[in-house]
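Structure first, then comments.
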Amino acid sequence: MAAALEMQVGTTAASAADLMAARTQMAVSLGWHIIVACLGVGFPLLVMVAEWRGLRTGDAAWRLLARRWGRTLGVLFAVGAVSGTILSFELGILWPGMMGTFGEVIGLPFAIEGVAFFTEAIFLGIYLYAWDRLPPRVHLLCGIPIVISGVAGAFFVVAANSWMNQPRGFDLVDGKVTNVDPWAAMFNPATPPQTVHMILAAFLVSGYGVASVYAVAMLRGRRDRYHRLGFLLPFCFAALVTPVQIGVGDWAAHFVADNQPVKLAAMEGVFHTERGAPLHLGGIEVDGELRYAVEIPDGLSLLAHWDPDAEIKGLDEVPAGDRPPVNVVHLSFQTMVAAGSALLLLAGWFAAAWWRRRDLPRSAWFLRGASLAGVAAVVALEAGWVTTEVGRQPWIVYGYMRTSQAVSSAPGLRFGLYVLLVVYTLMTVATVYVLRRLARRPLPVAPQEHDVVEENVT
Amino acid sequence: MTLAEVLLAVTWVGVTAYALLGGADFGAGAWDLIAGGAHGGARQRALIEHSIGPVWEANHVWLIFALVMLWTGFPTAFASIMSTLYIPLMAVAFGVILRGAAFAFRKAVPELWLKRLFGACFAASSVITPFFLGTVAGAVATGRVPPGTARGQPITSWVNPTSLLGGVLAVGVCAYLAAVYLTNDARRTGDQGLTEWFRVRALAAGLGVGVVALGGIGVLRADAPRLFDGLTGRALPLVVASALFGAASLVLLARRRLVAVRVTAALAVVAIIWGWAAAQYPYLLEPYLTIAQAASSPAVMQAVLVSLAVGSLLLVPSLTLLFVLFQREHAHDLAVAGHADEGLTD
């Protein structure tokens with residue numbers, strides 16, 4: 001039914017260079033967007049809590065935080081909205097083979113995500129621009145749809161990505177899609193672990209990201225109430241989410257072990273199917289085996305299946321042409337786990353100090369660690385995406401369509417990548433500059449000062 | 001009406017909304033470009049920023065909506081259009097990014113030279129983006145996109161008389177709509193000089209679009225006989241309506257009926273967009289692919305339409321709230337908001 005006329009997938013194949021360029025272009029634009037998108041999902045909640053505390057207590061520090069975070073959120077949301085748009089274009093421009101064949105199967109979550117994004121954009125416009133025009137309580141209420149639709153949007157977009165890992169809800173007959181059940185496609189088995197993992201990741205990137213800014217300021221001696229609150233709220237939020245995220249990550253890994261054994265084999269560097277498989281820490285693949293890794297006996301079998309003797313499928317289960325590149329997947333997975341574990345340690349350190357003394361750890365090393373936590377959260381985020389995306393290769397739709405079949409055969413795709421690299425370099429420089437500019441505004445000396453009047457805090 | 005036609009009509013509503021709302025935001029950027037120096041054009045730029053600031057992101061979503069609907073409802077057509085017209089569409093994507101980011105950045109930096117840089121970037125991409133969207137429309141309307149992956153000509157599919165006409169018309173229509181909307185926004189601020197500035201430009205843009213459209217008749221006749229036949233055949237009432245609304249708008253502008261002209265100007269655009277649809281009905285990709293042939297599975301179309309119906313229960317009141325909130329403000333609000341904007345620019 002997909003179309004009366006066949007899509008003619010791969011009739012004139014794209015060159016290997018163009019395929020690589022298309023993958024790189026998608027990776028760069030998605031990897032860039034995902035950072036701002038995470039802030040768009042998690043940051044509004046922080047702004048709202050700050051505004052709520054300001055309303056409840058009348059505390060000028062909370063109110064100034066809410067105002068300034070609001071302005072930063074405005075910039076981040078704008079950049080997030082437009083950097084997300086190019087992805088819709090690229091789905092068709094770079095991967096017409098997939099969209100022409102499967103576009104209808106995964107259209108539903110995107111359509112619902114469109115509704116969510118619409119709601120988010122509408123209420124963000126109201127929230128940011130009608131701050132002084134609405135009664136404070138009404139204004140605060142206008143933030144709620146932003147938070148809900150942000151989380152909902154993340155859910156639906158990641159549901160579509162989950163489908164690429166666990167394609168459901170259709171039959172493929174002679175290269176044509178029939179018998180489509182869009183609900184089954186949307187709620188495929190990979191959706192629950194993947195969406196929860198990603199939404200929590202967005203919270204972590206937002207919490208640690210914002211907290212890092214204030215950790216740097218505190219390291220430079222600015223330890224007033226404004227900076228303390230600016231650190232504590234996002235950091236506590238992220239610290240609470242961190243252990244949950246570790247648990248959810250374990251759930252996601254179990255899911256991959258059960259449903260995408262080849263991806264797990266690449267993540268862990270398992271080349272031959274075996275029982276009592278060891279856990280590899282570090283190591284690189286050379287000539288079909290993992291070298292220089294620290295082995296923990298039976299560790300992988302235990303972690304993946306809760307049984308030290310469980311069988312772990314190796315890469316040799318599938319032909320060489322169906323295997324993902326081990327080094328990239330293994331390294332990125334380990335990087336994600338390492339970054340997540342470091343964040344868990346940092347959160348634990350904070351929790352211990354807070355439990356004993358109701359205060360931050362005294363050591364400057366804590367603040368140094370916290371000032372890197374935002375970067376660590378982003379590293380974990382990116383490494384996680386590399387793991388799941390590269391780990392699915394050579395498939396774009398797992399088991400059904402290869403990435404090389406989906407890529408456009410249009411000539412000179414790589415020139416799009418070149419332009420994109422230039423544009424995104426400029427965008428990165430500008431975004432970082434503007435965000436730093438927003439973060440560095442001097443604090444008002446007293447509530448009646450010029451700056452407070454400008455921020456409409458009084 | 002079949003399910004596929006309903007879905008396509010809903011998609012076309014999205015395209016229309018994007019043209020009327022997102023188009024005006026692009027047009028505002030075009031006026032920003034030629035508003036003059038940092039001091040001479042300050043009032044114009046302040047009004048533009050004030051008018052589109054709260055709404056442009058919501059208006060932008062219509063573009064994503066249309067794309068998603070197209071690939072969900074008509075995957076073959078989507079893949080064919082995107083892969084054949086990848087050059088202008090990539091340009092649109094970059095234009096969208098530069099426009100939105102630069103607009104947000106301009107507000108956030110205090111330094112004049114950076115405001116100028118981001119402003120120039122915002123304004124230039126506001127002209128480039130609708131131009132390339134217009135070339136895409138021209139390519140699809142003239143049947144230069146065959147079904148299949150990158151089956152059409154990579155260059156001449158969008159570098160041709162009709163596409164160039166489409167590009168110029170798109171830029172002109174955006175500028176015209178923006179000037180019409182901004183004239184009334186300026187009037188509400190009580191700034192007589194600014195109101196006249198935009199009113200004169202709305203008239204000029206309207207006349208310009210009219211002249212290009214009239215000249216375009218000859219272009220279409222030579223370059224796109226099928227489209228020409230459609231526009232002068234089944235779609236003729238809509239084309240005539242568009243011309244009448246356009247002419248009425250010029251009269252209303254000249255007589256300073258600034259609220260009424262918003263309606264007629266928008267209707268002129270609506271009529272021509274739906275005229276295009278009527279002209280190539282029942283083809284999605286003329287002359288290869290009909291709506292029925294391109295349609296996705298009924299189960300998909302049902303699920304999407306039901307989801308959108310439920311979603312619109314949320315969206316319609318929200319959108320209404322947004323526009324009522326920011327259209328209802330009066331001179332004193334602008335004064336207050338002007339203060340807030342100063343706060344927003346430090």
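Chain labels A, B, ... are given in the sequence in which chains occur in the structure tokens; within each chain residues are numbered consecutively from 1, and ligands are likewise numbered from 1 in the order shown.
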
Give one line per residue of chain A that approaches chain B to at most 7 Å, naming the two atoms of the closest pair and their distance in Å to one decimal, counting only C-alpha atoms; sort by chain then ascending residue number and deliver it as JSON lines.
{"residue": "A:Met1", "atom": "CA", "partner": "B:Ser297", "partner_atom": "CA", "distance": 5.9}
{"residue": "A:Ala2", "atom": "CA", "partner": "B:Ser296", "partner_atom": "CA", "distance": 5.0}
{"residue": "A:Ala3", "atom": "CA", "partner": "B:Ala294", "partner_atom": "CA", "distance": 5.0}
{"residue": "A:Ala4", "atom": "CA", "partner": "B:Gln293", "partner_atom": "CA", "distance": 5.0}
{"residue": "A:Met7", "atom": "CA", "partner": "B:Gly148", "partner_atom": "CA", "distance": 4.8}
{"residue": "A:Gln8", "atom": "CA", "partner": "B:Gly148", "partner_atom": "CA", "distance": 5.8}
{"residue": "A:Val9", "atom": "CA", "partner": "B:Thr149", "partner_atom": "CA", "distance": 6.8}
{"residue": "A:Val75", "atom": "CA", "partner": "B:Ala104", "partner_atom": "CA", "distance": 5.5}
{"residue": "A:Ala78", "atom": "CA", "partner": "B:Gly100", "partner_atom": "CA", "distance": 6.2}
{"residue": "A:Val79", "atom": "CA", "partner": "B:Ala101", "partner_atom": "CA", "distance": 5.2}
{"residue": "A:Val82", "atom": "CA", "partner": "B:Ile97", "partner_atom": "CA", "distance": 4.8}
{"residue": "A:Ser83", "atom": "CA", "partner": "B:Ile97", "partner_atom": "CA", "distance": 6.0}
{"residue": "A:Thr85", "atom": "CA", "partner": "B:Ile64", "partner_atom": "CA", "distance": 6.6}
{"residue": "A:Ile86", "atom": "CA", "partner": "B:Ala93", "partner_atom": "CA", "distance": 5.1}
{"residue": "A:Phe89", "atom": "CA", "partner": "B:Ala93", "partner_atom": "CA", "distance": 6.8}
{"residue": "A:Gly92", "atom": "CA", "partner": "B:Met82", "partner_atom": "CA", "distance": 5.1}
{"residue": "A:Ile93", "atom": "CA", "partner": "B:Ser83", "partner_atom": "CA", "distance": 4.8}
{"residue": "A:Pro96", "atom": "CA", "partner": "B:Ala79", "partner_atom": "CA", "distance": 4.6}
{"residue": "A:Gly97", "atom": "CA", "partner": "B:Thr149", "partner_atom": "CA", "distance": 6.9}
{"residue": "A:Met99", "atom": "CA", "partner": "B:Ala79", "partner_atom": "CA", "distance": 6.0}
{"residue": "A:Gly100", "atom": "CA", "partner": "B:Thr76", "partner_atom": "CA", "distance": 4.5}
{"residue": "A:Thr101", "atom": "CA", "partner": "B:Pro75", "partner_atom": "CA", "distance": 6.8}
{"residue": "A:Gly103", "atom": "CA", "partner": "B:Pro75", "partner_atom": "CA", "distance": 5.3}
{"residue": "A:Glu104", "atom": "CA", "partner": "B:Thr72", "partner_atom": "CA", "distance": 4.2}
{"residue": "A:Gly107", "atom": "CA", "partner": "B:Thr72", "partner_atom": "CA", "distance": 4.4}
{"residue": "A:Leu108", "atom": "CA", "partner": "B:Val304", "partner_atom": "CA", "distance": 5.7}
{"residue": "A:Phe110", "atom": "CA", "partner": "B:Val68", "partner_atom": "CA", "distance": 6.5}
{"residue": "A:Ala111", "atom": "CA", "partner": "B:Val68", "partner_atom": "CA", "distance": 6.1}
{"residue": "A:Ile112", "atom": "CA", "partner": "B:Ser307", "partner_atom": "CA", "distance": 6.6}
{"residue": "A:Gly114", "atom": "CA", "partner": "B:Phe65", "partner_atom": "CA", "distance": 6.0}
{"residue": "A:Val115", "atom": "CA", "partner": "B:Gly311", "partner_atom": "CA", "distance": 6.0}
{"residue": "A:Phe118", "atom": "CA", "partner": "B:Ala58", "partner_atom": "CA", "distance": 6.0}
{"residue": "A:Thr119", "atom": "CA", "partner": "B:Leu315", "partner_atom": "CA", "distance": 6.4}
{"residue": "A:Ala121", "atom": "CA", "partner": "B:Ala58", "partner_atom": "CA", "distance": 5.0}
{"residue": "A:Ile122", "atom": "CA", "partner": "B:Ala58", "partner_atom": "CA", "distance": 5.4}
{"residue": "A:Gly125", "atom": "CA", "partner": "B:Pro54", "partner_atom": "CA", "distance": 4.5}
{"residue": "A:Ile126", "atom": "CA", "partner": "B:Leu322", "partner_atom": "CA", "distance": 6.3}
{"residue": "A:Tyr129", "atom": "CA", "partner": "B:Pro54", "partner_atom": "CA", "distance": 5.9}
{"residue": "A:Val180", "atom": "CA", "partner": "B:Ser297", "partner_atom": "CA", "distance": 6.6}
{"residue": "A:Asp181", "atom": "CA", "partner": "B:Ala299", "partner_atom": "CA", "distance": 6.5}
{"residue": "A:Pro182", "atom": "CA", "partner": "B:Val300", "partner_atom": "CA", "distance": 5.8}
{"residue": "A:Ser408", "atom": "CA", "partner": "B:Thr149", "partner_atom": "CA", "distance": 6.3}
{"residue": "A:Ser409", "atom": "CA", "partner": "B:Ala150", "partner_atom": "CA", "distance": 6.2}
{"residue": "A:Ala410", "atom": "CA", "partner": "B:Ala150", "partner_atom": "CA", "distance": 5.2}
{"residue": "A:Val434", "atom": "CA", "partner": "B:Phe105", "partner_atom": "CA", "distance": 6.6}
{"residue": "A:Glu454", "atom": "CA", "partner": "B:Gly343", "partner_atom": "CA", "distance": 4.3}
{"residue": "A:Glu455", "atom": "CA", "partner": "B:Gly343", "partner_atom": "CA", "distance": 5.5}

> Please, which residues of region 196-311 of chain B, numbered as in this document, come out strand (DSSP E or B) from DSSP, as a list in words?
Replying inline: Tyr283, Leu284, Leu285, Leu289 and Thr290 of chain B

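Taking the backbone of this structure through DSSP, the residues of region 279-317 of chain B that come out as alpha helix (DSSP H) are B:Ala279, B:Gln280, B:Ile291, B:Ala292, B:Gln293, B:Ala294, B:Pro298, B:Ala299, B:Val300, B:Met301, B:Gln302, B:Ala303, B:Val304, B:Leu305, B:Val306, B:Ser307, B:Leu308, B:Ala309, B:Val310, B:Gly311, B:Ser312, B:Leu313, B:Leu314, B:Leu315, B:Val316, B:Pro317.
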
> Which value, in Å to one decimal, gives the distance between CA of Phe271 (chain A) and CA of Ser301 (chain A)?
Replying inline: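 Here the two named atoms are 14.2 Å from each other.
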
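Remark: for Val138 (chain A), the closest of the candidate residues A:Phe77, A:Trp32, A:Tyr226, A:Trp52 is A:Trp52 (distances computed over only C-alpha atoms).
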
>> Measuring between only C-alpha atoms, which one of B:Pro130, B:Asp185, B:Ala19, B:Val251 shows the shortest distance to Arg328 (chain B)?
In response: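 Result for the nearest residue to Arg328 (chain B): B:Asp185.
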
> Which residue, A:His272, A:Lys313, A:Arg225, A:Arg414, has the smallest gap to Glu289 (chain A) when you use only C-alpha atoms?
Replying inline: A:His272

Show me, as a JSON list (two decimals) with all heavy atoms, in the first residue's frame, the residues that have an atom within 12 Å of Trp251 (chain A) when counting only C-alpha atoms, minus same-chain residues fewer than 5 positions from it.
[["chain", "number", "residue", "atom", "x", "y", "z"],
["A", 190, "ALA", "N", 11.18, -1.55, 22.11],
["A", 190, "ALA", "CA", 12.32, -0.73, 22.53],
["A", 190, "ALA", "C", 11.87, 0.62, 23.07],
["A", 190, "ALA", "O", 12.66, 1.34, 23.69],
["A", 190, "ALA", "CB", 13.28, -0.52, 21.36],
["A", 192, "PRO", "N", 9.79, 1.67, 25.62],
["A", 192, "PRO", "CA", 9.86, 2.01, 27.06],
["A", 192, "PRO", "C", 11.30, 2.27, 27.56],
["A", 192, "PRO", "O", 11.56, 3.34, 28.09],
["A", 192, "PRO", "CB", 9.21, 0.81, 27.75],
["A", 192, "PRO", "CG", 8.32, 0.23, 26.71],
["A", 192, "PRO", "CD", 9.02, 0.44, 25.40],
["A", 193, "PRO", "N", 12.23, 1.32, 27.38],
["A", 193, "PRO", "CA", 13.57, 1.62, 27.93],
["A", 193, "PRO", "C", 14.24, 2.81, 27.27],
["A", 193, "PRO", "O", 14.85, 3.64, 27.95],
["A", 193, "PRO", "CB", 14.36, 0.32, 27.69],
["A", 193, "PRO", "CG", 13.61, -0.44, 26.67],
["A", 193, "PRO", "CD", 12.18, -0.03, 26.78],
["A", 194, "GLN", "N", 14.09, 2.93, 25.95],
["A", 194, "GLN", "CA", 14.82, 4.00, 25.25],
["A", 194, "GLN", "C", 14.28, 5.39, 25.60],
["A", 194, "GLN", "O", 15.05, 6.32, 25.82],
["A", 194, "GLN", "CB", 14.75, 3.76, 23.74],
["A", 194, "GLN", "CG", 16.14, 3.74, 23.11],
["A", 194, "GLN", "CD", 16.06, 3.68, 21.60],
["A", 194, "GLN", "OE1", 15.73, 2.64, 21.03],
["A", 194, "GLN", "NE2", 16.39, 4.77, 20.94],
["A", 195, "THR", "N", 12.95, 5.52, 25.64],
["A", 195, "THR", "CA", 12.39, 6.85, 25.92],
["A", 195, "THR", "C", 12.68, 7.28, 27.35],
["A", 195, "THR", "O", 13.05, 8.43, 27.59],
["A", 195, "THR", "CB", 10.86, 6.86, 25.69],
["A", 195, "THR", "OG1", 10.28, 5.78, 26.40],
["A", 195, "THR", "CG2", 10.52, 6.74, 24.23],
["A", 196, "VAL", "N", 12.54, 6.35, 28.29],
["A", 196, "VAL", "CA", 12.79, 6.73, 29.69],
["A", 196, "VAL", "C", 14.26, 7.11, 29.86],
["A", 196, "VAL", "O", 14.61, 8.11, 30.50],
["A", 196, "VAL", "CB", 12.40, 5.58, 30.64],
["A", 196, "VAL", "CG1", 12.75, 5.94, 32.08],
["A", 196, "VAL", "CG2", 10.91, 5.29, 30.53],
["A", 197, "HIS", "N", 15.13, 6.32, 29.25],
["A", 197, "HIS", "CA", 16.58, 6.58, 29.34],
["A", 197, "HIS", "C", 16.89, 7.98, 28.80],
["A", 197, "HIS", "O", 17.67, 8.72, 29.37],
["A", 197, "HIS", "CB", 17.32, 5.51, 28.54],
["A", 197, "HIS", "CG", 18.77, 5.35, 28.90],
["A", 197, "HIS", "ND1", 19.24, 5.44, 30.20],
["A", 197, "HIS", "CD2", 19.87, 5.12, 28.13],
["A", 197, "HIS", "CE1", 20.55, 5.26, 30.21],
["A", 197, "HIS", "NE2", 20.97, 5.07, 28.96],
["A", 244, "VAL", "N", 18.66, 6.85, 39.49],
["A", 244, "VAL", "CA", 17.55, 6.29, 38.71],
["A", 244, "VAL", "C", 18.01, 6.00, 37.29],
["A", 244, "VAL", "O", 17.71, 4.96, 36.71],
["A", 244, "VAL", "CB", 16.35, 7.28, 38.69],
["A", 244, "VAL", "CG1", 15.17, 6.66, 37.96],
["A", 244, "VAL", "CG2", 15.98, 7.69, 40.10],
["A", 245, "GLN", "N", 18.78, 6.94, 36.74],
["A", 245, "GLN", "CA", 19.25, 6.77, 35.37],
["A", 245, "GLN", "C", 20.19, 5.57, 35.25],
["A", 245, "GLN", "O", 20.15, 4.86, 34.25],
["A", 245, "GLN", "CB", 19.97, 8.05, 34.90],
["A", 245, "GLN", "CG", 20.58, 7.97, 33.51],
["A", 245, "GLN", "CD", 19.54, 7.96, 32.41],
["A", 245, "GLN", "OE1", 18.48, 7.35, 32.54],
["A", 245, "GLN", "NE2", 19.81, 8.64, 31.32],
["A", 246, "ILE", "N", 21.01, 5.33, 36.27],
["A", 246, "ILE", "CA", 21.89, 4.15, 36.23],
["A", 246, "ILE", "C", 21.04, 2.88, 36.16],
["A", 246, "ILE", "O", 21.30, 1.96, 35.38],
["A", 246, "ILE", "CB", 22.83, 4.12, 37.47],
["A", 246, "ILE", "CG1", 23.64, 5.41, 37.55],
["A", 246, "ILE", "CG2", 23.71, 2.88, 37.44],
["A", 246, "ILE", "CD1", 24.81, 5.53, 36.64],
["A", 256, "VAL", "N", 18.80, -4.58, 25.22],
["A", 256, "VAL", "CA", 19.66, -4.77, 24.06],
["A", 256, "VAL", "C", 20.21, -6.20, 24.05],
["A", 256, "VAL", "O", 20.25, -6.86, 23.01],
["A", 256, "VAL", "CB", 20.81, -3.74, 24.06],
["A", 256, "VAL", "CG1", 21.83, -4.08, 22.98],
["A", 256, "VAL", "CG2", 20.26, -2.34, 23.85],
["A", 257, "ALA", "N", 20.60, -6.70, 25.24],
["A", 257, "ALA", "CA", 21.14, -8.06, 25.32],
["A", 257, "ALA", "C", 20.12, -9.07, 24.81],
["A", 257, "ALA", "O", 20.47, -10.03, 24.10],
["A", 257, "ALA", "CB", 21.53, -8.38, 26.77],
["A", 258, "ASP", "N", 18.84, -8.86, 25.15],
["A", 258, "ASP", "CA", 17.82, -9.82, 24.75],
["A", 258, "ASP", "C", 17.38, -9.64, 23.30],
["A", 258, "ASP", "O", 17.01, -10.60, 22.63],
["A", 258, "ASP", "CB", 16.59, -9.68, 25.66],
["A", 258, "ASP", "CG", 16.89, -10.13, 27.08],
["A", 258, "ASP", "OD1", 17.85, -10.92, 27.24],
["A", 258, "ASP", "OD2", 16.20, -9.70, 28.01],
["A", 303, "LEU", "N", 25.93, -9.46, 34.37],
["A", 303, "LEU", "CA", 25.26, -8.17, 34.21],
["A", 303, "LEU", "C", 24.12, -8.23, 33.21],
["A", 303, "LEU", "O", 23.06, -7.66, 33.43],
["A", 303, "LEU", "CB", 26.27, -7.11, 33.75],
["A", 303, "LEU", "CG", 27.07, -6.40, 34.84],
["A", 303, "LEU", "CD1", 28.01, -5.40, 34.20],
["A", 303, "LEU", "CD2", 26.14, -5.71, 35.82],
["A", 304, "ALA", "N", 24.36, -8.96, 32.13],
["A", 304, "ALA", "CA", 23.36, -8.94, 31.05],
["A", 304, "ALA", "C", 22.18, -9.85, 31.34],
["A", 304, "ALA", "O", 21.06, -9.57, 30.91],
["A", 304, "ALA", "CB", 24.01, -9.32, 29.72],
["A", 305, "HIS", "N", 22.42, -10.95, 32.03],
["A", 305, "HIS", "CA", 21.33, -11.91, 32.23],
["A", 305, "HIS", "C", 21.17, -12.36, 33.68],
["A", 305, "HIS", "O", 20.46, -13.32, 33.94],
["A", 305, "HIS", "CB", 21.54, -13.14, 31.33],
["A", 305, "HIS", "CG", 21.53, -12.81, 29.86],
["A", 305, "HIS", "ND1", 20.40, -12.40, 29.20],
["A", 305, "HIS", "CD2", 22.54, -12.80, 28.94],
["A", 305, "HIS", "CE1", 20.70, -12.17, 27.92],
["A", 305, "HIS", "NE2", 21.99, -12.40, 27.75],
["A", 306, "TRP", "N", 21.86, -11.71, 34.62],
["A", 306, "TRP", "CA", 21.79, -12.07, 36.04],
["A", 306, "TRP", "C", 22.18, -13.53, 36.29],
["A", 306, "TRP", "O", 21.67, -14.18, 37.18],
["A", 306, "TRP", "CB", 20.39, -11.84, 36.62],
["A", 306, "TRP", "CG", 19.92, -10.43, 36.57],
["A", 306, "TRP", "CD1", 18.77, -9.98, 36.04],
["A", 306, "TRP", "CD2", 20.58, -9.27, 37.10],
["A", 306, "TRP", "NE1", 18.67, -8.62, 36.16],
["A", 306, "TRP", "CE2", 19.78, -8.16, 36.81],
["A", 306, "TRP", "CE3", 21.82, -9.06, 37.76],
["A", 306, "TRP", "CZ2", 20.12, -6.85, 37.17],
["A", 306, "TRP", "CZ3", 22.15, -7.76, 38.11],
["A", 306, "TRP", "CH2", 21.31, -6.68, 37.82]]

>> I want to know what sits within 8 Å of region 239-247 of chain B, based on only C-alpha atoms, with residues of the same chain fewer than 3 positions away left out; could you give that as JSON, numbers by chain?
In response: {"B": [206, 210, 231, 232, 235, 236, 250, 251, 264, 265, 267, 268, 269, 270, 271, 272, 275]}

Restricted to all heavy atoms, what would the selected residues look like written as a CSV table (one decimal), in the first residue's frame?
chain,number,residue,atom,x,y,z
B,206,GLY,N,2.8,45.3,-2.6
B,206,GLY,CA,1.5,44.7,-3.2
B,206,GLY,C,1.5,45.0,-4.7
B,206,GLY,O,1.2,44.1,-5.4
B,210,GLY,N,1.8,42.2,-7.6
B,210,GLY,CA,0.8,42.1,-8.7
B,210,GLY,C,1.4,42.1,-10.0
B,210,GLY,O,1.0,41.4,-10.9
B,231,LEU,N,-4.7,26.4,-13.9
B,231,LEU,CA,-5.0,27.6,-13.2
B,231,LEU,C,-6.1,28.4,-14.0
B,231,LEU,O,-6.8,29.1,-13.4
B,231,LEU,CB,-3.7,28.5,-13.1
B,231,LEU,CG,-2.7,28.0,-12.1
B,231,LEU,CD1,-1.4,28.8,-12.2
B,231,LEU,CD2,-3.3,28.1,-10.7
B,232,THR,N,-6.1,28.2,-15.3
B,232,THR,CA,-7.1,28.9,-16.1
B,232,THR,C,-8.3,28.1,-16.3
B,232,THR,O,-9.3,28.5,-16.9
B,232,THR,CB,-6.5,29.3,-17.5
B,232,THR,OG1,-5.9,28.2,-18.1
B,232,THR,CG2,-5.5,30.4,-17.3
B,235,ALA,N,-9.1,25.9,-11.6
B,235,ALA,CA,-8.8,26.8,-10.5
B,235,ALA,C,-9.1,28.2,-10.8
B,235,ALA,O,-8.8,29.1,-10.0
B,235,ALA,CB,-7.3,26.6,-10.2
B,236,LEU,N,-9.7,28.5,-12.0
B,236,LEU,CA,-9.8,29.9,-12.4
B,236,LEU,C,-10.6,30.8,-11.3
B,236,LEU,O,-10.2,31.9,-11.0
B,236,LEU,CB,-10.6,30.0,-13.7
B,236,LEU,CG,-10.6,31.4,-14.3
B,236,LEU,CD1,-9.2,31.9,-14.6
B,236,LEU,CD2,-11.4,31.4,-15.6
B,250,LEU,N,-5.1,46.7,-2.1
B,250,LEU,CA,-4.4,48.0,-2.5
B,250,LEU,C,-5.3,49.2,-2.2
B,250,LEU,O,-4.9,50.2,-1.7
B,250,LEU,CB,-4.0,47.9,-3.9
B,250,LEU,CG,-2.9,46.9,-4.3
B,250,LEU,CD1,-2.6,46.9,-5.8
B,250,LEU,CD2,-1.6,47.2,-3.5
B,251,VAL,N,-6.6,49.0,-2.6
B,251,VAL,CA,-7.5,50.1,-2.3
B,251,VAL,C,-7.6,50.4,-0.8
B,251,VAL,O,-7.6,51.5,-0.4
B,251,VAL,CB,-8.9,49.7,-2.9
B,251,VAL,CG1,-9.9,50.8,-2.6
B,251,VAL,CG2,-8.8,49.6,-4.4
B,264,THR,N,-8.1,40.9,3.7
B,264,THR,CA,-8.1,40.7,2.3
B,264,THR,C,-6.7,40.3,1.7
B,264,THR,O,-6.6,39.5,0.8
B,264,THR,CB,-8.5,42.0,1.5
B,264,THR,OG1,-7.7,43.1,2.0
B,264,THR,CG2,-9.9,42.3,1.8
B,265,ALA,N,-5.6,40.8,2.3
B,265,ALA,CA,-4.3,40.4,1.9
B,265,ALA,C,-4.1,39.0,2.2
B,265,ALA,O,-3.5,38.2,1.3
B,265,ALA,CB,-3.2,41.3,2.6
B,267,LEU,N,-6.4,36.7,2.4
B,267,LEU,CA,-7.3,35.9,1.6
B,267,LEU,C,-6.7,35.8,0.2
B,267,LEU,O,-6.9,34.8,-0.5
B,267,LEU,CB,-8.7,36.5,1.5
B,267,LEU,CG,-9.6,36.3,2.8
B,267,LEU,CD1,-10.9,37.0,2.7
B,267,LEU,CD2,-9.8,34.8,2.9
B,268,ALA,N,-6.1,36.9,-0.3
B,268,ALA,CA,-5.5,36.8,-1.7
B,268,ALA,C,-4.4,35.7,-1.7
B,268,ALA,O,-4.3,34.9,-2.7
B,268,ALA,CB,-4.8,38.1,-2.0
B,269,VAL,N,-3.7,35.6,-0.6
B,269,VAL,CA,-2.6,34.5,-0.6
B,269,VAL,C,-3.3,33.1,-0.4
B,269,VAL,O,-2.9,32.2,-1.1
B,269,VAL,CB,-1.6,34.8,0.6
B,269,VAL,CG1,-0.6,33.7,0.7
B,269,VAL,CG2,-1.0,36.1,0.4
B,270,VAL,N,-4.3,33.0,0.4
B,270,VAL,CA,-5.0,31.8,0.6
B,270,VAL,C,-5.5,31.3,-0.7
B,270,VAL,O,-5.4,30.1,-1.1
B,270,VAL,CB,-6.1,31.9,1.7
B,270,VAL,CG1,-6.9,30.6,1.7
B,270,VAL,CG2,-5.5,32.2,3.0
B,271,ALA,N,-6.2,32.2,-1.5
B,271,ALA,CA,-6.8,31.8,-2.7
B,271,ALA,C,-5.8,31.3,-3.7
B,271,ALA,O,-6.1,30.3,-4.4
B,271,ALA,CB,-7.6,33.0,-3.3
B,272,ILE,N,-4.6,31.9,-3.8
B,272,ILE,CA,-3.7,31.4,-4.8
B,272,ILE,C,-3.0,30.1,-4.4
B,272,ILE,O,-2.8,29.2,-5.2
B,272,ILE,CB,-2.6,32.5,-5.1
B,272,ILE,CG1,-2.0,32.2,-6.5
B,272,ILE,CG2,-1.5,32.6,-4.1
B,272,ILE,CD1,-3.0,32.2,-7.6
B,275,GLY,N,-5.6,27.7,-5.1
B,275,GLY,CA,-5.7,27.6,-6.5
B,275,GLY,C,-4.7,26.7,-7.1
B,275,GLY,O,-5.0,25.9,-8.0

> Could you name the residues that touch Val318 (chain A) at 12 Å or less, counting only C-alpha atoms, but leaving out those on the same chain fewer than 5 positions away, as a count of residues only?
Replying inline: 14

> Using only C-alpha atoms, which of the listed residues (A:Gly288, A:Ala439, A:Ala16, A:His33) sits closest to Met427 (chain A)?
Replying inline: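 The shortest atom-to-atom distance to Met427 (chain A) comes from A:His33.
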
>> I'd like the contact shell of region 380-391 of chain A - 10 Å cut-off, only C-alpha atoms, skipping same-chain residues fewer than 2 positions apart - returned as a PyMOL selection string.
In response: chain A and resi 23+27+30-32+34-35+38+161-162+164-165+194+197-198+201-202+204-205+249+256+260+262-267+323-326+328-341+343+374-378+393-396
